[in-house]
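A.B. asks: mmCIF, C-alpha atoms and all ligand atoms, saved as query-v7.cif, coming up:
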data_data
#
loop_
_atom_site.label_atom_id
_atom_site.label_comp_id
_atom_site.auth_asym_id
_atom_site.auth_seq_id
_atom_site.Cartn_x
_atom_site.Cartn_y
_atom_site.Cartn_z
CA MET A 855 -31.59 -8.92 1.11
CA SER A 856 -34.27 -11.45 0.16
CA PRO A 857 -37.67 -10.02 -0.82
CA VAL A 858 -40.44 -10.08 1.76
CA ILE A 859 -43.25 -12.28 0.57
CA PRO A 860 -46.55 -11.30 2.20
CA ILE A 861 -48.20 -14.30 3.75
CA GLN A 862 -51.91 -14.63 3.06
CA VAL A 863 -53.52 -15.34 6.42
CA GLU A 864 -56.77 -17.35 6.17
CA HIS A 865 -59.41 -15.60 8.28
CA GLY A 866 -62.45 -17.36 6.82
CA CYS A 867 -65.25 -14.79 6.82
CA GLN A 868 -64.41 -12.96 10.05
CA ASP A 869 -63.77 -9.70 8.20
CA ALA A 870 -65.91 -10.42 5.17
CA PRO A 871 -68.29 -7.69 4.00
CA VAL A 872 -71.92 -8.34 4.90
CA LEU A 873 -74.86 -7.27 2.78
CA ARG A 874 -77.20 -5.50 5.24
CA GLU A 875 -80.83 -5.28 4.24
CA ARG A 876 -83.73 -3.57 5.98
CA GLY A 877 -86.87 -4.26 4.00
CA GLN A 878 -89.88 -6.51 4.16
CA ARG A 879 -89.19 -9.71 6.08
CA GLU A 880 -90.79 -13.15 5.94
CA VAL A 881 -90.35 -14.63 9.41
CA PHE A 882 -92.42 -16.17 12.20
CA CYS A 883 -92.77 -14.44 15.55
CA GLY A 884 -91.23 -15.41 18.90
CA LEU A 885 -94.39 -17.17 20.09
CA THR A 886 -93.16 -20.16 18.08
CA GLY A 887 -90.52 -20.84 20.75
CA ILE A 888 -93.28 -21.93 23.14
CA ILE A 889 -93.60 -25.13 21.12
CA TRP A 890 -90.19 -26.45 22.11
CA LEU A 891 -89.83 -24.59 25.42
CA HIS A 892 -93.01 -26.07 26.92
CA ARG A 893 -91.74 -29.55 26.11
CA LYS A 894 -88.39 -28.80 27.74
CA MET A 895 -89.59 -27.17 30.99
CA GLN A 896 -92.08 -29.71 32.20
CA ASP A 897 -93.66 -27.73 35.04
CA ALA A 898 -93.85 -24.39 33.24
CA PHE A 899 -96.93 -22.89 31.61
CA PHE A 900 -96.94 -20.26 28.85
CA LEU A 901 -99.87 -17.86 28.83
CA VAL A 902 -99.82 -15.75 25.68
CA VAL A 903 -101.52 -12.40 26.13
CA GLY A 904 -102.61 -11.76 22.60
CA SER A 905 -105.21 -11.88 19.87
CA ARG A 906 -107.09 -14.68 18.15
CA THR A 907 -104.34 -14.66 15.51
CA CYS A 908 -101.77 -15.48 18.18
CA ALA A 909 -104.01 -18.27 19.53
CA HIS A 910 -104.36 -19.72 16.02
CA LEU A 911 -100.64 -19.56 15.39
CA ILE A 912 -99.80 -21.45 18.57
CA GLN A 913 -102.62 -23.90 18.13
CA SER A 914 -101.81 -24.77 14.54
CA ALA A 915 -98.05 -24.96 15.17
CA ALA A 916 -98.46 -27.17 18.23
CA GLY A 917 -101.82 -28.81 17.69
CA VAL A 918 -100.44 -31.97 16.19
CA MET A 919 -97.96 -32.41 19.02
CA ILE A 920 -100.27 -32.35 22.03
CA PHE A 921 -100.51 -35.67 23.84
CA ALA A 922 -101.52 -34.42 27.29
CA GLU A 923 -103.26 -31.32 28.61
CA PRO A 924 -101.34 -28.50 26.96
CA ARG A 925 -99.07 -26.24 28.95
CA PHE A 926 -99.78 -23.14 26.94
CA ALA A 927 -102.85 -21.05 26.26
CA THR A 928 -103.84 -17.62 25.02
CA ALA A 929 -105.60 -14.97 27.09
CA ILE A 930 -107.36 -13.19 24.25
CA LEU A 931 -107.45 -9.44 24.24
CA ASP A 932 -110.79 -8.38 22.77
CA GLU A 933 -111.99 -5.09 21.33
CA ARG A 934 -112.77 -3.65 24.78
CA ASP A 935 -109.21 -4.30 25.95
CA LEU A 936 -107.71 -2.96 22.75
CA ALA A 937 -109.87 0.17 22.91
CA GLY A 938 -108.78 0.76 26.50
CA LEU A 939 -112.35 0.31 27.80
CA ALA A 940 -111.50 -2.56 30.16
CA ASP A 941 -108.78 -2.82 32.77
CA ALA A 942 -106.72 -5.51 31.09
CA GLN A 943 -104.61 -5.93 34.24
CA ASP A 944 -107.69 -6.90 36.30
CA GLU A 945 -108.83 -9.32 33.64
CA LEU A 946 -105.38 -10.86 33.45
CA ASP A 947 -105.36 -11.38 37.23
CA ARG A 948 -108.68 -13.19 37.00
CA VAL A 949 -107.49 -15.43 34.14
CA VAL A 950 -104.28 -16.33 35.97
CA HIS A 951 -106.14 -17.05 39.19
CA ARG A 952 -108.55 -19.40 37.41
CA LEU A 953 -105.70 -21.10 35.57
CA LEU A 954 -103.65 -21.73 38.73
CA GLU A 955 -106.68 -23.04 40.59
CA ARG A 956 -107.36 -25.54 37.83
CA ARG A 957 -103.71 -26.50 37.26
CA PRO A 958 -101.92 -26.94 40.62
CA ASP A 959 -99.02 -28.67 38.79
CA ILE A 960 -97.80 -25.32 37.39
CA ARG A 961 -94.65 -24.05 39.16
CA LEU A 962 -93.51 -21.43 36.68
CA LEU A 963 -95.88 -19.26 34.70
CA PHE A 964 -94.70 -17.14 31.79
CA LEU A 965 -96.89 -14.26 30.64
CA VAL A 966 -95.89 -13.99 26.99
CA GLY A 967 -96.38 -10.64 25.31
CA SER A 968 -97.50 -10.37 21.67
CA CYS A 969 -97.89 -7.66 19.03
CA PRO A 970 -101.34 -6.59 20.35
CA SER A 971 -100.23 -6.47 24.00
CA GLU A 972 -97.21 -4.39 22.97
CA VAL A 973 -99.28 -2.07 20.82
CA ILE A 974 -101.63 -1.25 23.72
CA LYS A 975 -98.58 -1.07 26.03
CA LEU A 976 -99.90 -3.64 28.48
CA ASP A 977 -97.20 -3.80 31.15
CA LEU A 978 -96.70 -7.54 31.59
CA SER A 979 -93.60 -7.18 33.78
CA ARG A 980 -95.70 -5.26 36.33
CA ALA A 981 -98.41 -7.93 36.09
CA ALA A 982 -95.82 -10.68 36.57
CA ALA A 983 -94.34 -9.03 39.66
CA ARG A 984 -97.80 -8.56 41.20
CA LEU A 985 -98.96 -12.10 40.40
CA SER A 986 -95.68 -13.60 41.57
CA GLN A 987 -96.15 -11.94 44.96
CA ARG A 988 -99.70 -13.21 45.18
CA HIS A 989 -98.95 -16.82 44.22
CA ALA A 990 -95.53 -17.28 45.85
CA PRO A 991 -94.01 -19.61 46.89
CA GLN A 992 -95.97 -22.22 44.89
CA VAL A 993 -95.76 -20.39 41.58
CA ARG A 994 -93.28 -17.95 40.13
CA VAL A 995 -94.63 -15.64 37.42
CA LEU A 996 -92.31 -14.11 34.81
CA SER A 997 -92.91 -12.25 31.58
CA TYR A 998 -91.23 -11.89 28.22
CA SER A 999 -92.14 -10.75 24.73
CA GLY A 1000 -92.83 -13.14 21.86
CA SER A 1001 -94.05 -10.33 19.64
CA GLY A 1002 -93.36 -10.49 15.94
CA ILE A 1003 -92.53 -6.80 15.65
CA GLU A 1004 -88.90 -6.73 14.49
CA THR A 1005 -87.96 -10.17 15.76
CA SER A 1006 -87.10 -13.61 14.43
CA PHE A 1007 -88.84 -16.70 15.72
CA THR A 1008 -85.92 -18.07 17.76
CA GLN A 1009 -85.75 -14.83 19.75
CA GLY A 1010 -88.70 -16.12 21.77
CA GLU A 1011 -86.36 -18.61 23.43
CA ASP A 1012 -83.76 -15.92 24.03
CA ALA A 1013 -86.31 -13.60 25.64
CA CYS A 1014 -87.70 -16.44 27.78
CA LEU A 1015 -84.29 -17.56 29.07
CA ALA A 1016 -83.13 -13.98 29.63
CA ALA A 1017 -86.22 -13.44 31.81
CA LEU A 1018 -85.33 -16.57 33.79
CA VAL A 1019 -81.68 -15.67 34.46
CA PRO A 1020 -82.30 -13.19 37.33
CA THR A 1021 -84.20 -15.94 39.20
CA LEU A 1022 -81.26 -18.39 39.13
CA PRO A 1023 -79.74 -19.04 42.54
CA ASP A 1024 -76.24 -17.72 43.34
CA LEU A 1025 -73.31 -20.03 42.82
CA PRO A 1026 -71.26 -19.67 46.03
CA THR A 1027 -67.86 -18.08 45.53
CA LEU A 1028 -64.74 -19.93 46.70
CA PRO A 1029 -61.34 -18.58 47.68
CA THR A 1030 -59.16 -18.29 44.56
CA PRO A 1031 -56.15 -20.64 44.72
CA PRO A 1032 -52.75 -18.99 44.24
CA ALA A 1033 -52.24 -18.55 40.47
CA SER A 1034 -48.94 -20.42 40.71
CA ALA A 1035 -50.68 -23.51 42.10
CA THR A 1036 -53.05 -24.31 39.22
CA GLY A 1037 -53.14 -21.40 36.81
CA GLN A 1038 -56.94 -21.83 37.01
CA ASP A 1039 -59.76 -19.95 38.68
CA ALA A 1040 -61.29 -21.53 41.76
CA ALA A 1041 -63.48 -24.53 40.81
CA PRO A 1042 -65.12 -23.32 37.59
CA GLU A 1043 -68.48 -24.84 36.72
CA LEU A 1044 -69.84 -25.30 33.24
CA LEU A 1045 -73.30 -24.19 32.15
CA ILE A 1046 -74.68 -25.34 28.81
CA VAL A 1047 -77.14 -22.70 27.62
CA GLY A 1048 -79.99 -23.27 25.18
CA ALA A 1049 -82.94 -25.65 25.03
CA LEU A 1050 -81.76 -29.04 23.79
CA ALA A 1051 -83.88 -32.12 23.22
CA ASP A 1052 -83.67 -34.31 26.34
CA VAL A 1053 -81.98 -37.09 24.40
CA VAL A 1054 -79.23 -34.69 23.28
CA GLU A 1055 -78.82 -33.22 26.75
CA ASP A 1056 -78.38 -36.75 28.16
CA GLN A 1057 -75.76 -37.56 25.50
CA PHE A 1058 -73.75 -34.41 26.26
CA ARG A 1059 -73.95 -35.08 30.00
CA ARG A 1060 -72.63 -38.62 29.47
CA GLN A 1061 -69.88 -37.35 27.19
CA PHE A 1062 -68.69 -34.76 29.71
CA GLU A 1063 -68.81 -37.45 32.40
CA ALA A 1064 -66.72 -39.76 30.18
CA LEU A 1065 -64.15 -36.93 30.09
CA GLY A 1066 -64.20 -36.97 33.90
CA LEU A 1067 -66.12 -33.67 34.07
CA THR A 1068 -69.15 -33.64 36.34
CA GLN A 1069 -69.48 -29.92 37.15
CA VAL A 1070 -71.77 -29.46 34.15
CA ARG A 1071 -75.33 -28.12 34.27
CA PHE A 1072 -77.93 -27.30 31.64
CA PHE A 1073 -80.12 -24.24 31.22
CA PRO A 1074 -83.08 -24.28 30.86
CA PRO A 1075 -83.60 -27.25 33.15
CA ARG A 1076 -86.42 -29.78 32.83
CA HIS A 1077 -87.97 -28.74 36.15
CA THR A 1078 -88.13 -25.44 38.00
CA GLY A 1079 -86.66 -27.12 41.09
CA ALA A 1080 -83.43 -27.71 39.15
CA LEU A 1081 -82.64 -24.12 38.16
CA PRO A 1082 -78.83 -24.04 37.93
CA PRO A 1083 -76.90 -21.67 40.18
CA VAL A 1084 -74.83 -18.97 38.46
CA GLY A 1085 -72.03 -16.63 39.48
CA PRO A 1086 -68.43 -15.63 38.75
CA ARG A 1087 -67.33 -19.28 38.78
CA THR A 1088 -69.74 -20.07 35.94
CA ARG A 1089 -68.32 -20.60 32.44
CA PHE A 1090 -71.11 -20.85 29.91
CA LEU A 1091 -71.13 -22.55 26.55
CA LEU A 1092 -73.92 -21.61 24.16
CA ALA A 1093 -75.67 -24.53 22.48
CA GLN A 1094 -77.65 -22.18 20.22
CA PRO A 1095 -76.43 -19.13 18.32
CA PHE A 1096 -79.51 -16.97 18.99
CA LEU A 1097 -79.09 -16.30 22.72
CA GLY A 1098 -77.55 -12.82 22.80
CA ASP A 1099 -79.81 -11.38 25.53
CA THR A 1100 -79.49 -14.52 27.67
CA ALA A 1101 -75.69 -14.34 27.38
CA ARG A 1102 -75.75 -10.68 28.44
CA ALA A 1103 -77.96 -11.49 31.44
CA LEU A 1104 -75.60 -14.31 32.49
CA GLU A 1105 -72.59 -12.01 32.14
CA ALA A 1106 -74.37 -9.50 34.36
CA ARG A 1107 -74.42 -12.28 36.99
CA GLY A 1108 -70.64 -12.68 36.64
CA ALA A 1109 -70.63 -15.74 34.32
CA ARG A 1110 -68.12 -15.89 31.48
CA HIS A 1111 -68.84 -16.90 27.89
CA ILE A 1112 -66.62 -19.60 26.34
CA PRO A 1113 -66.10 -18.89 22.64
CA ALA A 1114 -66.64 -22.00 20.50
CA PRO A 1115 -68.22 -23.16 17.27
CA PHE A 1116 -71.68 -24.66 17.80
CA PRO A 1117 -72.12 -28.42 18.21
CA LEU A 1118 -73.43 -29.15 14.73
CA GLY A 1119 -71.67 -31.92 12.82
CA ALA A 1120 -68.62 -33.93 13.85
CA GLU A 1121 -66.19 -31.03 13.65
CA GLY A 1122 -68.44 -28.53 15.45
CA SER A 1123 -69.32 -31.02 18.21
CA ALA A 1124 -65.64 -31.85 18.75
CA ALA A 1125 -64.62 -28.18 18.94
CA TRP A 1126 -67.54 -27.34 21.25
CA LEU A 1127 -66.85 -30.21 23.68
CA THR A 1128 -63.13 -29.39 23.64
CA ALA A 1129 -63.85 -25.75 24.51
CA GLY A 1130 -66.16 -26.79 27.36
CA ALA A 1131 -63.61 -29.27 28.70
CA ALA A 1132 -60.84 -26.64 28.48
CA ALA A 1133 -62.94 -24.26 30.58
CA LEU A 1134 -62.93 -26.93 33.29
CA GLY A 1135 -59.16 -27.44 33.04
CA LEU A 1136 -58.88 -30.37 30.62
CA SER A 1137 -56.40 -29.58 27.85
CA ALA A 1138 -57.22 -30.10 24.17
CA GLU A 1139 -54.41 -32.70 23.99
CA ARG A 1140 -56.09 -34.79 26.67
CA THR A 1141 -59.60 -34.28 25.27
CA ALA A 1142 -58.78 -35.21 21.63
CA PRO A 1143 -58.07 -38.95 22.10
CA LEU A 1144 -61.08 -39.32 24.39
CA ILE A 1145 -63.54 -37.86 21.90
CA ALA A 1146 -61.86 -39.37 18.79
CA PRO A 1147 -64.09 -42.50 18.67
CA TRP A 1148 -67.29 -40.38 18.83
CA ARG A 1149 -65.98 -38.05 16.17
CA GLN A 1150 -64.87 -40.87 13.87
CA ARG A 1151 -68.24 -42.61 14.20
CA ALA A 1152 -70.02 -39.36 13.26
CA GLU A 1153 -67.67 -38.83 10.29
CA ARG A 1154 -68.35 -42.37 9.04
CA ALA A 1155 -72.10 -41.74 9.30
CA LEU A 1156 -71.70 -38.50 7.33
CA ALA A 1157 -69.75 -40.10 4.48
CA VAL A 1158 -72.82 -41.45 2.72
CA HIS A 1159 -74.49 -38.01 2.84
CA ARG A 1160 -71.34 -36.35 1.54
CA GLN A 1161 -71.55 -38.47 -1.60
CA ARG A 1162 -75.05 -37.14 -2.23
CA LEU A 1163 -74.52 -33.52 -1.19
CA ALA A 1164 -70.99 -32.59 -2.31
CA GLY A 1165 -71.02 -29.93 -4.98
CA GLN A 1166 -74.69 -29.00 -4.47
CA ARG A 1167 -75.29 -25.24 -4.30
CA ILE A 1168 -77.28 -23.98 -1.30
CA PHE A 1169 -78.94 -20.62 -0.56
CA PHE A 1170 -80.03 -19.61 2.97
CA PHE A 1171 -82.82 -17.11 3.54
CA PRO A 1172 -82.63 -15.52 7.02
CA ASP A 1173 -84.93 -17.23 9.51
CA SER A 1174 -83.72 -19.40 12.38
CA GLN A 1175 -80.35 -17.70 13.16
CA LEU A 1176 -78.81 -21.17 12.80
CA GLU A 1177 -77.78 -20.33 9.23
CA ILE A 1178 -74.09 -19.60 9.80
CA PRO A 1179 -73.26 -22.73 11.88
CA LEU A 1180 -75.29 -24.81 9.39
CA ALA A 1181 -73.45 -23.28 6.45
CA ARG A 1182 -70.11 -24.06 8.11
CA PHE A 1183 -71.16 -27.69 8.69
CA LEU A 1184 -72.57 -28.17 5.18
CA SER A 1185 -69.61 -26.64 3.39
CA ARG A 1186 -66.78 -28.17 5.43
CA GLU A 1187 -68.14 -31.61 6.24
CA LEU A 1188 -70.44 -32.29 3.30
CA GLY A 1189 -68.88 -30.27 0.49
CA LEU A 1190 -71.84 -28.04 -0.40
CA GLN A 1191 -71.20 -24.71 -2.11
CA LEU A 1192 -72.62 -21.69 -0.33
CA VAL A 1193 -74.37 -19.32 -2.72
CA GLU A 1194 -75.64 -16.91 -0.04
CA VAL A 1195 -75.92 -17.26 3.73
CA GLY A 1196 -78.60 -14.95 5.05
CA THR A 1197 -79.24 -14.53 8.76
CA PRO A 1198 -81.70 -12.26 10.59
CA TYR A 1199 -78.98 -10.97 12.96
CA LEU A 1200 -75.24 -11.46 12.87
CA HIS A 1201 -73.80 -11.59 16.39
CA ARG A 1202 -70.14 -11.28 15.49
CA GLY A 1203 -68.99 -12.06 19.06
CA HIS A 1204 -70.87 -15.34 19.42
CA LEU A 1205 -70.26 -16.36 15.80
CA ALA A 1206 -66.57 -15.42 15.53
CA GLU A 1207 -65.38 -19.05 15.58
CA GLU A 1208 -68.00 -20.01 13.01
CA LEU A 1209 -67.18 -17.13 10.67
CA ALA A 1210 -63.49 -18.07 10.81
CA LEU A 1211 -64.36 -21.53 9.50
CA LEU A 1212 -66.54 -20.41 6.57
CA PRO A 1213 -64.89 -20.46 3.14
CA SER A 1214 -63.40 -17.06 2.26
CA GLY A 1215 -65.59 -15.06 -0.07
CA THR A 1216 -68.90 -16.51 1.15
CA GLN A 1217 -71.73 -14.05 0.45
CA LEU A 1218 -73.19 -13.16 3.84
CA SER A 1219 -76.34 -11.12 4.31
CA GLU A 1220 -78.03 -9.80 7.45
CA GLY A 1221 -81.67 -8.76 7.74
CA GLN A 1222 -83.93 -9.02 4.74
CA ASP A 1223 -85.45 -7.27 1.80
CA VAL A 1224 -87.39 -10.28 0.64
CA GLU A 1225 -88.09 -9.28 -2.97
CA ARG A 1226 -84.46 -8.41 -3.66
CA GLN A 1227 -83.29 -11.60 -2.00
CA LEU A 1228 -85.76 -13.64 -4.05
CA ASP A 1229 -84.35 -12.00 -7.19
CA ARG A 1230 -80.81 -13.00 -6.17
CA CYS A 1231 -81.98 -16.53 -5.45
CA ARG A 1232 -83.78 -16.86 -8.80
CA ALA A 1233 -80.75 -15.54 -10.64
CA ALA A 1234 -78.42 -17.98 -8.87
CA ARG A 1235 -80.69 -21.07 -9.35
CA PRO A 1236 -79.32 -22.96 -6.30
CA ASP A 1237 -79.93 -26.70 -5.92
CA LEU A 1238 -81.36 -26.26 -2.43
CA VAL A 1239 -82.98 -23.31 -0.64
CA VAL A 1240 -83.31 -23.13 3.16
CA CYS A 1241 -86.14 -20.78 4.08
CA GLY A 1242 -89.23 -20.17 6.19
CA LEU A 1243 -92.59 -21.78 5.50
CA GLY A 1244 -93.96 -18.67 3.83
CA LEU A 1245 -91.36 -18.77 1.06
CA ALA A 1246 -91.02 -22.54 0.68
CA ASN A 1247 -94.26 -23.26 -1.18
CA PRO A 1248 -93.96 -20.45 -3.76
CA LEU A 1249 -90.32 -21.42 -4.38
CA GLU A 1250 -91.23 -25.10 -4.77
CA ALA A 1251 -93.88 -24.02 -7.29
CA GLU A 1252 -91.14 -22.25 -9.24
CA GLY A 1253 -89.14 -25.48 -9.36
CA PHE A 1254 -86.75 -24.88 -6.45
CA THR A 1255 -86.02 -27.57 -3.87
CA THR A 1256 -86.51 -26.21 -0.37
CA LYS A 1257 -85.88 -27.08 3.26
CA TRP A 1258 -88.01 -25.51 6.00
CA SER A 1259 -85.66 -23.84 8.44
CA ILE A 1260 -88.13 -24.27 11.32
CA GLU A 1261 -87.63 -28.05 11.08
CA LEU A 1262 -84.00 -27.51 12.07
CA VAL A 1263 -85.13 -26.07 15.38
CA PHE A 1264 -87.76 -28.72 16.12
CA THR A 1265 -85.46 -31.66 15.31
CA PRO A 1266 -82.62 -32.89 17.57
CA ILE A 1267 -79.58 -31.91 15.47
CA HIS A 1268 -76.82 -31.20 18.01
CA GLY A 1269 -73.92 -33.47 18.86
CA PHE A 1270 -71.99 -36.35 17.29
CA ASP A 1271 -74.88 -38.80 17.35
CA GLN A 1272 -77.21 -36.43 15.49
CA ALA A 1273 -74.70 -35.33 12.80
CA ALA A 1274 -76.00 -37.79 10.19
CA ASP A 1275 -79.63 -36.96 11.05
CA LEU A 1276 -78.81 -33.32 10.43
CA ALA A 1277 -77.25 -34.15 7.07
CA ALA A 1278 -80.29 -36.28 6.19
CA LEU A 1279 -82.51 -33.22 6.59
CA PHE A 1280 -80.71 -31.81 3.53
CA THR A 1281 -80.45 -35.00 1.46
CA ARG A 1282 -84.16 -35.80 1.82
CA PRO A 1283 -85.59 -32.84 -0.15
CA LEU A 1284 -83.06 -33.43 -2.94
CA ASP A 1285 -83.97 -37.11 -3.11
CA ARG A 1286 -87.68 -36.27 -3.11
CA ARG A 1287 -87.21 -33.82 -5.98
CA GLN A 1288 -85.24 -36.46 -7.91
CA ARG A 1289 -87.98 -39.05 -7.39
CA LEU A 1290 -90.64 -36.56 -8.52
CA ALA A 1291 -88.64 -35.74 -11.64
CA ALA A 1292 -88.25 -39.44 -12.43
S1 LIG B 1301 -97.42 -12.15 18.26
FE1 LIG B 1301 -97.82 -10.82 16.47
S2 LIG B 1301 -96.91 -11.93 14.74
FE2 LIG B 1301 -97.17 -13.41 16.43
S3 LIG B 1301 -99.17 -14.36 16.05
FE3 LIG B 1301 -99.50 -12.66 17.49
S4 LIG B 1301 -100.04 -10.92 16.17
FE4 LIG B 1301 -99.10 -12.46 14.84
#
Could you quickly redo this structure as structure tokens?
C.D. replies:
Amino acid sequence: MSPVIPIQVEHGCQDAPVLRERGQREVFCGLTGIIWLHRKMQDAFFLVVGSRTCAHLIQSAAGVMIFAEPRFATAILDERDLAGLADAQDELDRVVHRLLERRPDIRLLFLVGSCPSEVIKLDLSRAAARLSQRHAPQVRVLSYSGSGIETSFTQGEDACLAALVPTLPDLPTLPTPPASATGQDAAPELLIVGALADVVEDQFRRQFEALGLTQVRFFPPRHTGALPPVGPRTRFLLAQPFLGDTARALEARGARHIPAPFPLGAEGSAAWLTAGAAALGLSAERTAPLIAPWRQRAERALAVHRQRLAGQRIFFFPDSQLEIPLARFLSRELGLQLVEVGTPYLHRGHLAEELALLPSGTQLSEGQDVERQLDRCRAARPDLVVCGLGLANPLEAEGFTTKWSIELVFTPIHGFDQAADLAALFTRPLDRRQRLAA
């Protein structure tokens, strides 16, 4: 009898041990999401119920980007509110009334909770329900929390979209065809979930159309009048990895999640589009030749960056929740070596396809104990560090080359056409450091 040779199955990092840390964290709060959400939803307004600190954060983060009258503001809780001496609900009603009188263009108003509003337990969901009743049908009022207590900054988008899901119209059900006829559910529709830059959304729409697939919608939409319907026929594809609550809310409406890597880089974009097409009945064999020219063009554009980046060692501090898809893209398509990939939260379900593609043995960490992580980073001396703004300057002063993770959320990085732009975000700091050294 011949000996049995055990076959080593490559699972990437699906079962890899994860270093879990619960210590001091260096992250922004969920209010930051307002910056890109207010640009995406063009008739929505974000009213932060918070302190002067919250107002300063929003103003300084967005100040440079305002070209028209802003669609966000802060209702400032003062000492009387915080001490419970004033009826904050009454004051909020007055502020909202004044705002809606002055801004008749607003169709959707978000009351955004903050650390102070949570500390004094101001019930914004009750306020939203009351104000919605008062201002319907012109304006719908919803609430969510952007508080920085135990959150990462991209969770603001998740909380906002999760609050919006119950307001989506129902997707009508259709009689299911006999399984023998098609092997498919009745007329599935595809929902792309996550705020994408308009230019990226338009590219994806055109690409699905080029595959002959037109039953594709995007959430969040650009206007409140275009809220996509949802129901058991909905198959949803996440465009961002930080939308756990939104996914749960969609599943509660009967929608089904399509597992896929995220559309970062040529490989990720191809796998993501293929998964979306498959959910609508187009096989991978039929999709591959159709997307091949887009993929090849992206790969050609990446080649020049690969020459610069291959072999560079990169360390991710946990911040945007994009770390794992980015690490997969950088290691597989650009040849970087992953020293440590830290992420604030590791959603194993939504990241399963990504984890499978990471090189075996990658050091993963979840949560943060910032001093210990800084020690690991200093000991490893990586060529490039991806981190939040608070850590970037001190690390630069110590001689490290850094990349602000928040830039990866503000910049269009998804899809084939953005693959080289995404790579350039990592080559630029290395080139700058080289020029400074010269
Ligand atoms: S929500 Fe909290 S963390 Fe964010 S700016 Fe306001 S006080 Fe600071």
A.B. asks: If the box runs along x, y and z of the file and leaves 5 Å on each side of ligand LIG 1301 (chain B), what are its centre and edge lengths in Å, one decimal, as AutoDock Vina command-line options?
C.D. replies:
--center_x -98.5 --center_y -12.6 --center_z 16.5 --size_x 13.1 --size_y 13.5 --size_z 13.5
A.B. asks: Give as a list in words the residues surrounding ligand LIG 1301 (chain B) up to a distance of 7 Å, considering all atoms listed in the file.
C.D. replies: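 Written in the requested form, the residues are Phe882, Cys883, Gly884, Leu885, Gly904, Ser905, Thr907, Cys908, Leu911, Ser968, Cys969, Pro970, Gly1000, Ser1001, Gly1002 and Ile1003 of chain A.
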A.B. asks: Let me make sure I understand: among A:Pro1248, A:Gly1066, A:Thr1216, A:Gly1108, which one has the smallest atom-to-atom distance to Arg1232 (chain A) if we use all atoms listed in the file?
C.D. replies: A:Pro1248
A.B. asks: Quick one: distance from CA of Gly1079 (chain A) to CA of Asp1012 (chain A) in Å, one decimal?
C.D. replies: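 Pair CA of Gly1079 (chain A) / CA of Asp1012 (chain A) returns 20.6 Å.
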A.B. asks: Dig up all the protein and nucleic acid residues within 12 Å of (-90.7, -26.7, 39.3) in the file frame, using only C-alpha atoms, and format them as an NGL selection string.
C.D. replies: :A and (894-899 or 958-963 or 991-995 or 1074-1081)
A.B. asks: Would you pick out the contacts of Leu1015 (chain A) at 10 Å or less, using all atoms listed in the file, so that residues sharing its chain but fewer than 6 positions from it are not included, and give the list as a ChimeraX atom specification?
C.D. replies: /A:891,998,1009,1047-1049,1073-1074,1097,1099-1101,1103-1104
A.B. asks: Just the number, please: distance in Å from CA of Tyr1199 (chain A) to CA of Ile1112 (chain A), one decimal.
C.D. replies: 20.2 Å
A.B. asks: Rounded to one decimal in Å, what is the spacing between CA of Ala1233 (chain A) and CA of Ser1006 (chain A)?
C.D. replies: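 Taking CA of Ala1233 (chain A) as the start and CA of Ser1006 (chain A) as the end point, the length is 25.9 Å.
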A.B. asks: Tell me which protein, DNA and RNA residues are within 8 Å of region 867-878 of chain A, counting all atoms listed in the file, leaving out same-chain ones fewer than 6 positions away, and put them as an mmCIF file with C-alpha atoms, in the frame of the given file.
C.D. replies:
data_model
loop_
_atom_site.group_PDB
_atom_site.id
_atom_site.type_symbol
_atom_site.label_atom_id
_atom_site.label_comp_id
_atom_site.auth_asym_id
_atom_site.auth_seq_id
_atom_site.Cartn_x
_atom_site.Cartn_y
_atom_site.Cartn_z
ATOM 1 C CA ALA A 1206 -66.570 -15.420 15.530
ATOM 2 C CA LEU A 1209 -67.180 -17.130 10.670
ATOM 3 C CA ALA A 1210 -63.490 -18.070 10.810
ATOM 4 C CA LEU A 1211 -64.360 -21.530 9.500
ATOM 5 C CA LEU A 1212 -66.540 -20.410 6.570
ATOM 6 C CA PRO A 1213 -64.890 -20.460 3.140
ATOM 7 C CA SER A 1214 -63.400 -17.060 2.260
ATOM 8 C CA GLY A 1215 -65.590 -15.060 -0.070
ATOM 9 C CA THR A 1216 -68.900 -16.510 1.150
ATOM 10 C CA GLN A 1217 -71.730 -14.050 0.450
ATOM 11 C CA LEU A 1218 -73.190 -13.160 3.840
ATOM 12 C CA SER A 1219 -76.340 -11.120 4.310
ATOM 13 C CA GLU A 1220 -78.030 -9.800 7.450
ATOM 14 C CA GLY A 1221 -81.670 -8.760 7.740
ATOM 15 C CA GLN A 1222 -83.930 -9.020 4.740
ATOM 16 C CA ASP A 1223 -85.450 -7.270 1.800
ATOM 17 C CA VAL A 1224 -87.390 -10.280 0.640
ATOM 18 C CA GLU A 1225 -88.090 -9.280 -2.970
#
A.B. asks: Would you please work out which residue, of A:Leu1091, A:Leu1188, A:His910, A:Gly1130, is nearest to Arg1154 (chain A) when using all atoms listed in the file?
C.D. replies: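 The answer is A:Leu1188, which sits nearest to Arg1154 (chain A).
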A.B. asks: If you count only C-alpha atoms, which residues fall within 12 Å of Ala1164 (chain A), apart from same-chain ones fewer than 6 positions away, as a list in words?
C.D. replies: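 What passes the distance filter is Leu1156, Ala1157, Val1158, Leu1184, Ser1185, Arg1186, Glu1187, Leu1188, Gly1189, Leu1190, Gln1191, Leu1192, Asp1237, Ala1277, Phe1280 and Thr1281 of chain A.
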A.B. asks: Here is a test: counting all atoms listed in the file, which residue of A:Pro1283, A:Gly1269, A:Gly1203, A:Pro1082 is nearest to Arg1060 (chain A)?
C.D. replies: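 Under the stated criterion, the closest residue is A:Gly1269.
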